[in-house]
>>> print(open('start_7.cif').read())   # mmCIF, C-alpha atoms
data_run
loop_
_atom_site.label_atom_id
_atom_site.label_comp_id
_atom_site.auth_asym_id
_atom_site.auth_seq_id
_atom_site.Cartn_x
_atom_site.Cartn_y
_atom_site.Cartn_z
CA MET A 1 27.53 -11.60 256.93
CA THR A 2 27.60 -15.05 255.35
CA GLY A 3 26.27 -18.31 256.70
CA SER A 4 29.68 -19.97 256.70
CA LYS A 5 31.12 -21.34 259.91
CA PRO A 6 34.40 -20.01 261.33
CA PRO A 7 37.43 -22.32 261.31
CA LEU A 8 37.84 -24.72 264.22
CA ARG A 9 40.55 -24.07 266.79
CA LEU A 10 41.81 -27.27 268.38
CA ARG A 11 44.69 -28.56 270.49
CA GLY A 12 46.16 -32.01 270.29
CA ILE A 13 49.13 -34.17 269.34
CA VAL A 14 50.23 -34.58 265.73
CA ARG A 15 50.79 -38.19 264.63
CA LEU A 16 52.16 -39.14 261.23
CA SER A 17 50.68 -42.30 259.75
CA ASP A 18 50.82 -44.15 256.44
CA ARG A 19 47.52 -42.48 255.57
CA GLY A 20 48.77 -38.98 256.36
CA PRO A 21 48.94 -36.64 259.34
CA LEU A 22 46.50 -37.00 262.23
CA LEU A 23 45.55 -34.80 265.17
CA GLU A 24 44.76 -36.67 268.39
CA VAL A 25 42.58 -34.52 270.63
CA ALA A 26 42.51 -35.34 274.35
CA ASP A 27 39.15 -36.90 275.25
CA GLY A 28 38.01 -36.36 271.68
CA PRO A 29 38.19 -37.61 268.15
CA VAL A 30 41.20 -38.28 265.98
CA TRP A 31 41.14 -35.93 263.01
CA ARG A 32 42.79 -36.52 259.65
CA LEU A 33 44.65 -33.39 258.52
CA GLU A 34 44.62 -32.32 254.88
CA THR A 35 47.68 -30.21 254.09
CA HIS A 36 50.53 -29.85 251.64
CA ASP A 37 52.87 -28.75 254.46
CA ASP A 38 55.49 -31.09 255.90
CA LEU A 39 54.42 -31.66 259.52
CA GLN A 40 57.52 -33.65 260.50
CA ALA A 41 58.65 -30.82 262.83
CA HIS A 42 55.35 -31.17 264.73
CA ARG A 43 55.42 -34.98 264.99
CA ASP A 44 54.40 -36.21 268.48
CA GLN A 45 54.20 -32.59 269.69
CA ASN A 46 51.37 -30.73 271.41
CA VAL A 47 50.04 -28.21 268.92
CA GLN A 48 47.18 -25.85 268.35
CA ILE A 49 45.61 -25.54 264.94
CA GLU A 50 43.05 -23.64 262.95
CA ALA A 51 41.30 -25.63 260.25
CA TRP A 52 38.15 -25.89 258.17
CA GLN A 53 36.09 -28.99 258.86
CA ARG A 54 35.71 -30.72 255.48
CA GLY A 55 34.13 -33.97 256.67
CA PRO A 56 33.15 -35.91 259.78
CA SER A 57 36.82 -36.61 260.59
CA LEU A 58 38.69 -34.43 258.06
CA LEU A 59 40.20 -31.00 258.65
CA GLU A 60 41.79 -28.73 256.05
CA LEU A 61 44.71 -27.22 257.93
CA LEU A 62 45.05 -23.43 257.82
CA TRP A 63 47.59 -22.85 260.58
CA ILE A 64 49.60 -24.93 263.06
CA GLY A 65 51.85 -23.92 265.94
CA PRO A 66 53.06 -25.10 269.31
CA ALA A 67 50.41 -25.26 272.02
CA SER A 68 50.89 -22.64 274.69
CA ASP A 69 50.13 -23.81 278.21
#
>>> encode(input="start_7.cif", output="structure tokens")
Amino acid sequence: MTGSKPPLRLRGIVRLSDRGPLLEVADGPVWRLETHDDLQAHRDQNVQIEAWQRGPSLLELLWIGPASD
């Protein structure tokens, strides 16, 4: 077993800004998403993601999909 942390699993709304994609988490922070994927299909949608935390407000996106209620 290694000392690495597992990826974060979060839910929020994807926003596209001039500085790149963002994830707005309800009652939480706004995360900047690092990805090469086009997130236009997820714009202003509730999603769930898995991502590595790469900085205080930066996530490296591993997976994104619609949030299930």
>>> closest_residue(input="start_7.cif", among="A:Leu33, A:Ala26, A:Leu39, A:Leu16", to="Gly65 (chain A)", atoms="all atoms listed in the file")
A:Leu39
>>> resolve_selection(input="start_7.cif", expression="the PyMOL selection byres ((chain A and resi 35) around 9)", output="ChimeraX atom specification")
/A:21,33-34,36-39,59-62
>>> residues_around(input="start_7.cif", residues="Asn46 (chain A)", least_positions_apart="3", cutoff="9 Å", atoms="only C-alpha atoms", output="list of chain:residue names")
A:Arg11, A:Gly12, A:Ile13, A:Val14, A:His42, A:Arg43, A:Gly65, A:Pro66, A:Ala67, A:Ser68
>>> atom_distance(input="start_7.cif", atom1="CA of Gln53 (chain A)", atom2="CA of Gly28 (chain A)")
14.9 Å
>>> closest_residue(input="start_7.cif", among="A:Val25, A:Ser4, A:Val30, A:Arg9", to="Ile64 (chain A)", atoms="all atoms listed in the file")
A:Arg9
>>> closest_residue(input="start_7.cif", among="A:Glu50, A:Leu10, A:Lys5, A:Trp63", to="Glu24 (chain A)", atoms="all atoms listed in the file")
A:Leu10
>>> atom_distance(input="start_7.cif", atom1="CA of Trp31 (chain A)", atom2="CA of Trp52 (chain A)")
11.5 Å
>>> atom_distance(input="start_7.cif", atom1="CA of Ala41 (chain A)", atom2="CA of Arg19 (chain A)")
17.7 Å
